[in-house]
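What's in final09.txt: compact mmCIF, C-alpha atoms
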# COMPACT_ATOMS: atom_id res chain seq x y z
CA MET A 328 0.00 0.00 0.00
CA ALA A 329 1.26 3.44 -0.96
CA GLU A 330 2.15 5.96 1.71
CA GLN A 331 -0.75 8.15 2.76
CA PRO A 332 -0.36 11.91 2.61
CA ALA A 333 -1.21 13.56 5.92
CA ILE A 334 -4.62 15.23 6.11
CA GLU A 335 -3.90 18.69 7.48
CA PRO A 336 -6.85 21.03 6.92
CA MET A 337 -5.43 23.72 9.21
CA HIS A 338 -2.06 23.83 7.45
CA GLN A 339 -3.23 26.49 5.00
CA PHE A 340 -3.76 28.98 7.82
CA LEU A 341 -0.18 28.85 9.11
CA ILE A 342 1.72 32.10 8.88
CA HIS A 343 5.33 31.82 7.80
CA LYS A 344 7.93 34.35 6.82
CA ILE A 345 8.73 34.89 3.16
CA TRP A 346 11.28 37.64 3.64
CA ASP A 347 13.16 38.32 6.89
CA GLY A 348 12.92 41.97 7.71
CA PRO A 349 14.57 44.05 10.41
CA VAL A 350 13.49 43.38 13.99
CA PHE A 351 13.81 46.24 16.43
CA GLN A 352 12.58 47.39 19.84
CA LEU A 353 10.18 50.32 20.02
CA GLY A 354 9.16 51.39 23.50
CA GLY A 355 9.35 47.89 24.95
CA LEU A 356 7.49 46.36 22.00
CA THR A 357 9.21 44.08 19.53
CA VAL A 358 8.47 45.22 16.00
CA ASP A 359 9.07 42.64 13.31
CA MET A 360 9.05 44.08 9.80
CA SER A 361 9.23 40.68 8.09
CA ILE A 362 6.99 39.96 5.09
CA THR A 363 4.85 36.92 5.90
CA ASN A 364 2.45 35.20 3.53
CA SER A 365 -0.37 37.11 5.23
CA VAL A 366 1.34 40.46 4.62
CA ALA A 367 2.09 39.49 1.01
CA SER A 368 -1.58 38.65 0.42
CA MET A 369 -2.63 41.96 1.99
CA ILE A 370 -0.24 43.84 -0.29
CA ALA A 371 -1.62 41.95 -3.29
CA GLY A 372 -5.15 42.86 -2.17
CA ALA A 373 -4.17 46.51 -1.78
CA VAL A 374 -2.63 46.54 -5.27
CA ILE A 375 -5.82 44.99 -6.72
CA LEU A 376 -7.97 47.58 -4.93
CA VAL A 377 -5.84 50.54 -6.04
CA LEU A 378 -5.75 49.25 -9.61
CA PHE A 379 -9.50 48.75 -9.55
CA PHE A 380 -10.11 52.30 -8.34
CA ALA A 381 -7.58 53.73 -10.80
CA LEU A 382 -9.23 51.93 -13.71
CA THR A 383 -12.80 52.83 -12.79
CA ALA A 384 -12.54 56.28 -11.21
CA LYS A 385 -12.56 58.07 -14.57
CA GLY A 386 -16.27 58.87 -14.75
CA GLN A 387 -17.71 58.53 -18.23
CA ILE A 388 -21.30 59.30 -19.19
CA VAL A 389 -21.57 55.96 -20.96
CA PRO A 390 -19.78 53.64 -18.52
CA ASN A 391 -17.51 50.92 -19.80
CA ARG A 392 -17.61 47.47 -18.20
CA ALA A 393 -15.24 48.21 -15.33
CA GLN A 394 -17.08 51.40 -14.43
CA ALA A 395 -20.44 49.61 -14.57
CA LEU A 396 -19.05 47.02 -12.13
CA ALA A 397 -17.78 49.73 -9.80
CA GLU A 398 -21.11 51.57 -9.94
CA GLY A 399 -22.93 48.32 -9.21
CA LEU A 400 -20.76 47.72 -6.15
CA TYR A 401 -21.28 51.29 -5.01
CA ASN A 402 -25.05 50.91 -5.41
CA ILE A 403 -24.99 47.86 -3.14
CA VAL A 404 -23.69 50.07 -0.34
CA ASP A 405 -25.71 53.19 -1.24
CA LYS A 406 -29.07 52.03 -2.63
CA VAL A 407 -29.41 48.69 -0.83
CA LEU A 408 -27.93 49.49 2.57
CA VAL A 409 -27.37 53.12 3.55
CA THR A 410 -30.39 54.85 2.02
CA PRO A 411 -33.05 52.33 3.16
CA ILE A 412 -31.53 51.77 6.62
CA ILE A 413 -30.22 55.20 7.65
CA GLY A 414 -31.81 57.58 5.17
CA HIS A 415 -30.22 60.72 3.84
CA GLY A 416 -28.35 61.33 7.10
CA GLY A 417 -26.12 58.39 6.17
CA LYS A 418 -24.56 59.95 3.08
CA PRO A 419 -21.41 61.24 4.87
CA TYR A 420 -20.55 57.72 6.06
CA ILE A 421 -20.74 55.99 2.67
CA PRO A 422 -16.97 56.39 1.97
CA TYR A 423 -16.07 54.45 5.12
CA LEU A 424 -18.70 51.76 4.57
CA PHE A 425 -17.77 51.38 0.91
CA THR A 426 -14.07 51.07 1.77
CA LEU A 427 -14.91 48.44 4.39
CA PHE A 428 -17.05 46.55 1.88
CA MET A 429 -14.39 46.62 -0.84
CA ILE A 430 -11.54 45.55 1.46
CA ILE A 431 -13.46 42.57 2.83
CA LEU A 432 -14.83 41.65 -0.61
CA VAL A 433 -11.43 41.70 -2.31
CA LEU A 434 -9.65 39.82 0.50
CA ASN A 435 -12.45 37.21 0.72
CA LEU A 436 -12.56 36.67 -3.03
CA MET A 437 -8.77 36.41 -3.25
CA GLY A 438 -8.92 33.56 -0.76
CA VAL A 439 -11.41 31.61 -2.91
CA VAL A 440 -10.37 32.51 -6.44
CA PHE A 441 -6.64 32.02 -5.91
CA ALA A 442 -7.20 28.91 -3.76
CA ILE A 443 -6.23 26.79 -6.77
CA GLY A 444 -2.63 27.40 -5.69
CA ASN A 445 -3.28 25.52 -2.45
CA LEU A 446 -4.56 22.31 -4.03
CA GLY A 447 -1.14 20.84 -4.73
CA GLY A 448 -0.02 21.44 -1.16
CA LEU A 449 1.65 24.71 -2.15
CA SER A 450 0.99 27.68 0.08
CA LEU A 451 0.93 30.30 -2.65
CA THR A 452 -2.17 32.09 -1.51
CA PHE A 453 -3.51 32.96 1.87
CA THR A 454 -6.97 34.05 2.99
CA VAL A 455 -6.25 37.16 5.00
CA THR A 456 -9.78 37.32 6.42
CA SER A 457 -9.40 33.84 7.95
CA GLN A 458 -7.12 35.39 10.59
CA LEU A 459 -8.94 36.54 13.71
CA ALA A 460 -6.39 39.36 14.12
CA VAL A 461 -7.43 40.92 10.81
CA THR A 462 -11.19 40.58 11.27
CA ALA A 463 -10.94 41.78 14.88
CA THR A 464 -9.05 44.88 13.71
CA LEU A 465 -11.79 45.70 11.21
CA ALA A 466 -14.54 45.00 13.74
CA VAL A 467 -12.96 46.99 16.60
CA LEU A 468 -12.19 49.89 14.26
CA THR A 469 -15.80 49.97 13.04
CA PHE A 470 -17.37 49.52 16.46
CA PHE A 471 -15.34 52.17 18.28
CA SER A 472 -15.59 54.69 15.42
CA VAL A 473 -19.37 54.37 15.68
CA PHE A 474 -19.34 54.48 19.48
CA ILE A 475 -17.13 57.60 19.62
CA LEU A 476 -19.16 59.23 16.85
CA GLY A 477 -22.23 58.79 19.08
CA PHE A 478 -20.58 60.76 21.87
CA ILE A 479 -19.37 63.44 19.44
CA LYS A 480 -22.83 63.89 17.97
CA HIS A 481 -25.01 63.53 21.06
CA GLY A 482 -22.72 64.04 24.07
CA PRO A 483 -23.47 62.23 27.35
CA LYS A 484 -27.10 61.84 26.26
CA PHE A 485 -25.83 58.97 24.09
CA LEU A 486 -25.62 56.80 27.22
CA GLY A 487 -29.45 56.73 27.07
CA LEU A 488 -28.91 54.04 24.44
CA PHE A 489 -28.52 51.54 27.27
CA ALA A 490 -31.80 52.55 28.94
CA PRO A 491 -34.83 51.77 26.77
CA SER A 492 -37.44 54.51 27.16
CA GLY A 493 -40.71 53.81 28.98
CA MET A 494 -39.15 51.13 31.17
CA PRO A 495 -40.14 51.07 34.87
CA LEU A 496 -37.25 51.66 37.29
CA PRO A 497 -37.07 48.17 38.87
CA LEU A 498 -36.78 46.60 35.43
CA LEU A 499 -34.22 49.18 34.37
CA ILE A 500 -31.76 47.86 36.98
CA PHE A 501 -31.70 44.55 35.12
CA MET A 502 -32.08 45.93 31.62
CA VAL A 503 -29.11 48.31 31.63
CA PRO A 504 -26.44 45.61 32.25
CA ILE A 505 -28.09 43.33 29.69
CA GLU A 506 -28.22 46.10 27.11
CA MET A 507 -24.59 46.99 27.81
CA ILE A 508 -23.44 43.39 27.40
CA SER A 509 -25.37 42.97 24.16
CA TYR A 510 -23.90 46.24 22.91
CA PHE A 511 -20.28 45.57 23.75
CA VAL A 512 -20.35 41.99 22.45
CA ARG A 513 -20.93 43.43 18.96
CA PRO A 514 -17.28 43.76 17.89
CA VAL A 515 -16.71 40.17 19.07
CA THR A 516 -19.58 38.82 17.00
CA LEU A 517 -18.60 40.97 14.04
CA ALA A 518 -15.05 39.61 14.08
CA MET A 519 -16.08 36.01 14.82
CA ARG A 520 -18.64 35.90 12.01
CA LEU A 521 -16.23 36.81 9.24
CA PHE A 522 -13.41 34.73 10.73
CA GLY A 523 -15.59 31.67 11.32
CA ASN A 524 -17.18 31.76 7.88
CA MET A 525 -13.91 32.05 6.01
CA LEU A 526 -12.09 29.52 8.20
CA GLY A 527 -14.91 26.98 8.21
CA GLY A 528 -15.44 27.04 4.46
CA HIS A 529 -11.76 26.67 3.70
CA VAL A 530 -11.34 23.80 6.18
CA VAL A 531 -14.19 21.87 4.55
CA MET A 532 -12.78 22.49 1.06
CA SER A 533 -9.33 21.39 2.16
CA LEU A 534 -10.77 18.24 3.79
CA PHE A 535 -12.55 17.17 0.62
CA GLY A 536 -9.40 17.98 -1.33
CA SER A 537 -7.38 15.58 0.80
CA PHE A 538 -10.12 12.92 0.41
CA VAL A 539 -9.62 13.05 -3.36
CA VAL A 540 -5.89 12.44 -3.06
CA ALA A 541 -6.01 9.92 -0.19
CA LEU A 542 -8.78 7.77 -1.72
CA GLY A 543 -7.20 8.05 -5.16
CA ILE A 544 -3.93 6.64 -3.82
CA VAL A 545 -5.84 3.77 -2.14
CA ALA A 546 -7.62 3.05 -5.43
CA LEU A 547 -4.35 2.94 -7.40
CA SER A 548 -3.25 -0.14 -5.43
CA GLY A 549 -5.63 -2.14 -7.67
CA GLY A 550 -8.01 -5.05 -7.08
CA LEU A 551 -11.08 -4.44 -4.92
CA ALA A 552 -9.53 -1.17 -3.70
CA SER A 553 -10.22 0.32 -7.14
CA LEU A 554 -13.75 0.91 -5.85
CA ALA A 555 -12.28 3.81 -3.85
CA PHE A 556 -12.24 5.77 -7.07
CA ILE A 557 -15.99 6.32 -6.65
CA PRO A 558 -15.82 8.35 -3.40
CA SER A 559 -12.70 10.06 -4.74
CA VAL A 560 -14.59 11.35 -7.78
CA LEU A 561 -17.59 12.26 -5.60
CA SER A 562 -15.28 14.30 -3.34
CA PHE A 563 -13.96 16.11 -6.38
CA GLY A 564 -17.54 16.98 -7.34
CA MET A 565 -18.06 18.27 -3.81
CA ILE A 566 -15.04 20.59 -4.21
CA VAL A 567 -16.54 22.05 -7.38
CA GLY A 568 -19.83 22.66 -5.61
CA LEU A 569 -18.18 24.01 -2.46
CA THR A 570 -16.08 26.45 -4.48
CA GLY A 571 -19.29 27.94 -5.85
CA LEU A 572 -20.76 28.06 -2.34
CA GLU A 573 -17.60 29.72 -1.02
CA LEU A 574 -17.84 32.41 -3.72
CA VAL A 575 -21.37 33.18 -2.53
CA VAL A 576 -20.26 33.18 1.12
CA ALA A 577 -17.32 35.49 0.34
CA ILE A 578 -19.59 38.08 -1.27
CA LEU A 579 -22.35 37.60 1.29
CA GLN A 580 -20.05 38.04 4.28
CA ALA A 581 -18.64 41.30 2.90
CA PHE A 582 -22.25 42.44 2.44
CA VAL A 583 -23.29 41.29 5.91
CA PHE A 584 -20.33 42.97 7.62
CA THR A 585 -21.17 46.25 5.90
CA ALA A 586 -24.89 45.82 6.61
CA LEU A 587 -24.26 45.36 10.33
CA ALA A 588 -21.91 48.36 10.38
CA THR A 589 -24.73 50.34 8.73
CA VAL A 590 -27.25 49.15 11.32
CA TYR A 591 -24.92 50.14 14.17
CA LEU A 592 -24.32 53.50 12.52
CA ASN A 593 -28.08 53.98 12.16
CA GLU A 594 -28.49 53.91 15.94
CA VAL A 595 -26.06 56.81 16.19
CA VAL A 596 -27.27 58.93 13.27
CA ASN A 597 -30.98 58.52 14.04
CA PHE A 598 -30.51 58.47 17.83
CA GLY A 599 -33.66 59.50 19.67
CA HIS A 600 -35.94 59.21 16.64
CA GLY A 601 -38.12 56.51 18.11
CA HIS A 602 -35.62 53.69 17.90
CA MET B 159 -9.84 8.21 29.76
CA GLU B 160 -6.80 9.89 28.38
CA ALA B 161 -6.74 13.69 28.37
CA GLU B 162 -6.12 13.81 24.62
CA ALA B 163 -9.16 11.62 23.90
CA ALA B 164 -11.34 13.70 26.21
CA LYS B 165 -10.18 16.82 24.37
CA LEU B 166 -11.19 15.42 20.99
CA ILE B 167 -14.58 14.23 22.29
CA GLY B 168 -15.15 17.62 23.89
CA ALA B 169 -14.34 19.43 20.66
CA GLY B 170 -16.84 17.23 18.84
CA LEU B 171 -19.50 17.80 21.48
CA ALA B 172 -18.94 21.55 21.36
CA THR B 173 -20.06 21.64 17.74
CA SER B 174 -23.51 20.37 18.80
CA GLY B 175 -24.34 24.04 19.35
CA MET B 176 -24.69 24.21 15.59
CA ILE B 177 -27.97 22.27 15.89
CA GLY B 178 -29.64 25.43 17.13
CA ALA B 179 -28.16 27.55 14.37
CA GLY B 180 -29.34 25.00 11.81
CA ILE B 181 -32.89 25.05 13.16
CA GLY B 182 -32.81 28.84 13.25
CA LEU B 183 -31.58 29.21 9.69
CA GLY B 184 -34.12 26.70 8.45
CA SER B 185 -36.98 28.49 10.14
CA LEU B 186 -35.68 31.86 8.90
CA PHE B 187 -35.40 30.91 5.23
CA GLY B 188 -38.51 28.73 5.37
CA ASN B 189 -40.65 31.54 6.68
CA TYR B 190 -39.15 34.02 4.26
CA LEU B 191 -39.85 31.73 1.31
CA GLN B 192 -43.39 31.00 2.48
CA ASP B 193 -44.26 34.66 2.78
CA ALA B 194 -42.37 35.58 -0.38
CA ILE B 195 -44.63 33.16 -2.29
CA ARG B 196 -47.73 34.64 -0.66
CA ASN B 197 -46.71 38.23 -1.40
CA PRO B 198 -43.97 38.29 -4.05
CA SER B 199 -44.06 42.09 -4.38
CA ALA B 200 -42.87 42.54 -0.79
CA ALA B 201 -40.12 39.90 -1.02
CA ALA B 202 -37.37 42.00 -2.60
CA SER B 203 -37.68 44.80 -0.05
CA GLN B 204 -37.07 42.43 2.85
CA GLN B 205 -34.00 40.72 1.42
CA THR B 206 -31.58 42.90 3.38
CA MET B 207 -33.35 42.02 6.61
CA LEU B 208 -33.22 38.34 5.62
CA PHE B 209 -29.44 38.44 5.25
CA LEU B 210 -29.08 40.40 8.49
CA GLY B 211 -31.13 37.79 10.32
CA MET B 212 -29.10 35.06 8.67
CA ALA B 213 -25.86 36.67 9.85
CA LEU B 214 -27.08 37.05 13.42
CA THR B 215 -28.39 33.48 13.57
CA GLU B 216 -25.29 32.03 11.98
CA THR B 217 -23.07 33.68 14.58
CA MET B 218 -24.47 31.38 17.26
CA GLY B 219 -23.36 28.36 15.26
CA LEU B 220 -19.98 29.91 14.58
CA PHE B 221 -19.47 30.51 18.30
CA SER B 222 -19.68 26.77 18.90
CA PHE B 223 -17.28 26.21 16.00
CA VAL B 224 -14.80 28.65 17.53
CA VAL B 225 -15.19 27.03 20.96
CA SER B 226 -14.36 23.65 19.45
CA LEU B 227 -11.31 25.20 17.73
CA ILE B 228 -10.19 26.65 21.06
CA ILE B 229 -10.53 23.21 22.68
CA LEU B 230 -8.57 21.58 19.85
CA PHE B 231 -5.77 24.11 19.38
CA GLY B 232 -6.01 26.39 22.42
Can the structure from this file be put into structure tokens for me?
Amino acid sequence: MAEQPAIEPMHQFLIHKIWDGPVFQLGGLTVDMSITNSVASMIAGAVILVLFFALTAKGQIVPNRAQALAEGLYNIVDKVLVTPIIGHGGKPYIPYLFTLFMIILVLNLMGVVFAIGNLGGLSLTFTVTSQLAVTATLAVLTFFSVFILGFIKHGPKFLGLFAPSGMPLPLLIFMVPIEMISYFVRPVTLAMRLFGNMLGGHVVMSLFGSFVVALGIVALSGGLASLAFIPSVLSFGMIVGLTGLELVVAILQAFVFTALATVYLNEVVNFGHGH
Amino acid sequence: MEAEAAKLIGAGLATSGMIGAGIGLGSLFGNYLQDAIRNPSAAASQQTMLFLGMALTETMGLFSFVVSLIILFG
């Protein structure tokens, strides 16, 4: 029997250095400027984003294909999310929400579309959004921007968010801590959702990928074991289907992250308007 | 029982939290589809809320997934 390749679905999420950069101390913190595969993927994503904006920012009256795509993406944030949820008061925040949407969309899609490079056991590509550190950064940035904006716009009155109006005092004692917990758990859920979706989908894809190889090697030993070709081919079909599903999830999660940021922003912009 | 075996069993048991998320998602999409068939003109306007509800429900399942990852690799 041929030697089995190890099934390691988590291997694709390992961070390793590609280029050793300078390491120095800065105020007691160790700063490592090395380029890892995560950093390289982020740079590639940034280049794609900048190229995309550079190619589509030239506004023409009759849009070409790239501009039509960019306008479609913009309309997802403007016409589908901000205008129906916040209203016209949300216009100033569209640049931030659109940037958030584009970053997550490009990084998610890079993880799925370029995942072909991972099939042969090569770690050419890396899904940046499958790292909790990255998603937590985006979530914390969004959450605290919104929270601080609430205090800038409404002052200390904004703390009334934790006390639902028309609540009798004895109930309020219990409600305020519950409201506070459910409010401050938001960045955690925001980060976990994106992280869990990207990680989970890629683990399942990788597992089915290793089934194809492992069962194929069993089948090659001949005789009755040739029957193992059947599940091997079925697993390959599963990968094809899962890749399509992962494309949907990648787009949907970028949408959902932006939608939740919009909903949180709505509480601040329309604070005190019967919400 | 060995500690390593208990860890693996625990990680598997932790994913049983996904049962609830599965029921929730099924009820969410089932109800949406039912009412979208009854009143197709209102269906498109509620799609954003559908995906928001999906995201919030799904998080509960993902929490159990993350807990099982913490047990396995933490």
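Each of B:Gly232, B:Gly184, B:Pro198, B:Gly175 was checked against Met212 of chain B using all atoms listed in the file; the smallest atom-to-atom distance is that of B:Gly184.
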Sorted by chain and rising residue number, which residues of chain B lie within 12 Å of chain A, and what are their closest atom pairs and distances in Å to one decimal, counting all atoms listed in the file, as CSV?
residue,atom,partner,partner_atom,distance
B:Ala202,CA,A:Val407,CA,10.5
B:Ser203,CA,A:Val407,CA,9.2
B:Gln204,CA,A:Val407,CA,10.6
B:Gln205,CA,A:Val407,CA,9.5
B:Thr206,CA,A:Val407,CA,7.5
B:Met207,CA,A:Ala586,CA,9.3
B:Leu208,CA,A:Val583,CA,10.4
B:Phe209,CA,A:Val583,CA,6.8
B:Leu210,CA,A:Val583,CA,6.4
B:Gly211,CA,A:Val583,CA,9.7
B:Met212,CA,A:Val583,CA,9.0
B:Ala213,CA,A:Val583,CA,6.6
B:Leu214,CA,A:Thr516,CA,8.5
B:Thr215,CA,A:Arg520,CA,10.2
B:Glu216,CA,A:Arg520,CA,7.7
B:Thr217,CA,A:Arg520,CA,5.6
B:Met218,CA,A:Thr516,CA,8.9
B:Gly219,CA,A:Gly523,CA,9.3
B:Leu220,CA,A:Gly523,CA,5.7
B:Phe221,CA,A:Met519,CA,7.3
B:Ser222,CA,A:Gly523,CA,9.9
B:Phe223,CA,A:Gly523,CA,7.4
B:Val224,CA,A:Gly523,CA,7.0
B:Val225,CA,A:Gly523,CA,10.7
B:Ser226,CA,A:Gly523,CA,11.5
B:Leu227,CA,A:Gly523,CA,10.1
B:Leu230,CA,A:Met337,CA,11.3
B:Phe231,CA,A:Met337,CA,10.2
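You will find atom CA of Gly417 of chain A at 11.0 Å from atom CA of Glu594 of chain A.
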| At most 9 Å from (-15.2, 37.8, -6.1), file frame, all atoms listed in the file: which residues, as a PyMOL selection string? | chain A and resi 432-437+439-440+574-575+577-578
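Here atom CA of Phe501 of chain A stands at a distance of 19.5 Å from atom CA of Arg513 of chain A.
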| task | Would you kindly return, as a VMD selection string, each protein, DNA or RNA residue with an atom no farther than 10 Å from any atom of segment 341-344 of chain A, considering all atoms listed in the file and excluding same-chain residues fewer than 3 positions away? | result | chain A and resid 337 to 338 347 to 348 361 to 367 450 453 458
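Here atom CA of Thr357 of chain A is placed at a distance of 27.6 Å from atom CA of Val374 of chain A.
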Can segment 166-176 of chain B be brought up to all heavy atoms and written out as a CSV table (one decimal), in the frame of the given file?
chain,number,residue,atom,x,y,z
B,166,LEU,N,-10.6,15.6,22.3
B,166,LEU,CA,-11.2,15.4,21.0
B,166,LEU,C,-12.7,15.2,21.1
B,166,LEU,O,-13.5,15.8,20.3
B,166,LEU,CB,-10.6,14.2,20.3
B,166,LEU,CG,-9.1,14.4,19.9
B,166,LEU,CD1,-8.6,13.1,19.3
B,166,LEU,CD2,-9.0,15.5,18.9
B,167,ILE,N,-13.1,14.4,22.1
B,167,ILE,CA,-14.6,14.2,22.3
B,167,ILE,C,-15.2,15.5,22.6
B,167,ILE,O,-16.3,15.9,22.1
B,167,ILE,CB,-14.8,13.2,23.4
B,167,ILE,CG1,-14.4,11.8,22.9
B,167,ILE,CG2,-16.3,13.1,23.7
B,167,ILE,CD1,-14.3,10.7,24.0
B,168,GLY,N,-14.6,16.3,23.5
B,168,GLY,CA,-15.2,17.6,23.9
B,168,GLY,C,-15.3,18.6,22.7
B,168,GLY,O,-16.3,19.2,22.6
B,169,ALA,N,-14.3,18.6,21.8
B,169,ALA,CA,-14.3,19.4,20.7
B,169,ALA,C,-15.5,19.0,19.8
B,169,ALA,O,-16.2,19.9,19.2
B,169,ALA,CB,-13.0,19.4,19.9
B,170,GLY,N,-15.7,17.7,19.6
B,170,GLY,CA,-16.8,17.2,18.8
B,170,GLY,C,-18.2,17.6,19.5
B,170,GLY,O,-19.1,18.1,18.8
B,171,LEU,N,-18.3,17.5,20.8
B,171,LEU,CA,-19.5,17.8,21.5
B,171,LEU,C,-19.8,19.3,21.4
B,171,LEU,O,-21.0,19.7,21.3
B,171,LEU,CB,-19.4,17.4,23.0
B,171,LEU,CG,-19.6,15.9,23.2
B,171,LEU,CD1,-19.4,15.7,24.7
B,171,LEU,CD2,-21.0,15.4,22.8
B,172,ALA,N,-18.7,20.1,21.4
B,172,ALA,CA,-18.9,21.6,21.4
B,172,ALA,C,-19.6,22.0,20.1
B,172,ALA,O,-20.4,23.0,20.1
B,172,ALA,CB,-17.6,22.3,21.5
B,173,THR,N,-19.4,21.2,19.0
B,173,THR,CA,-20.1,21.6,17.7
B,173,THR,C,-21.5,21.4,17.7
B,173,THR,O,-22.2,21.8,16.8
B,173,THR,CB,-19.4,20.9,16.6
B,173,THR,OG1,-19.5,19.5,16.8
B,173,THR,CG2,-18.0,21.3,16.3
B,174,SER,N,-22.1,20.6,18.8
B,174,SER,CA,-23.5,20.4,18.8
B,174,SER,C,-24.3,21.7,19.0
B,174,SER,O,-25.5,21.7,18.7
B,174,SER,CB,-23.9,19.4,19.9
B,174,SER,OG,-23.5,19.9,21.1
B,175,GLY,N,-23.7,22.8,19.3
B,175,GLY,CA,-24.3,24.0,19.4
B,175,GLY,C,-24.8,24.5,18.0
B,175,GLY,O,-25.7,25.3,17.9
B,176,MET,N,-24.3,23.9,16.9
B,176,MET,CA,-24.7,24.2,15.6
B,176,MET,C,-26.1,23.7,15.3
B,176,MET,O,-26.7,24.2,14.3
B,176,MET,CB,-23.7,23.6,14.6
B,176,MET,CG,-22.4,24.3,14.5
B,176,MET,SD,-21.3,23.6,13.3
B,176,MET,CE,-19.8,24.4,13.7
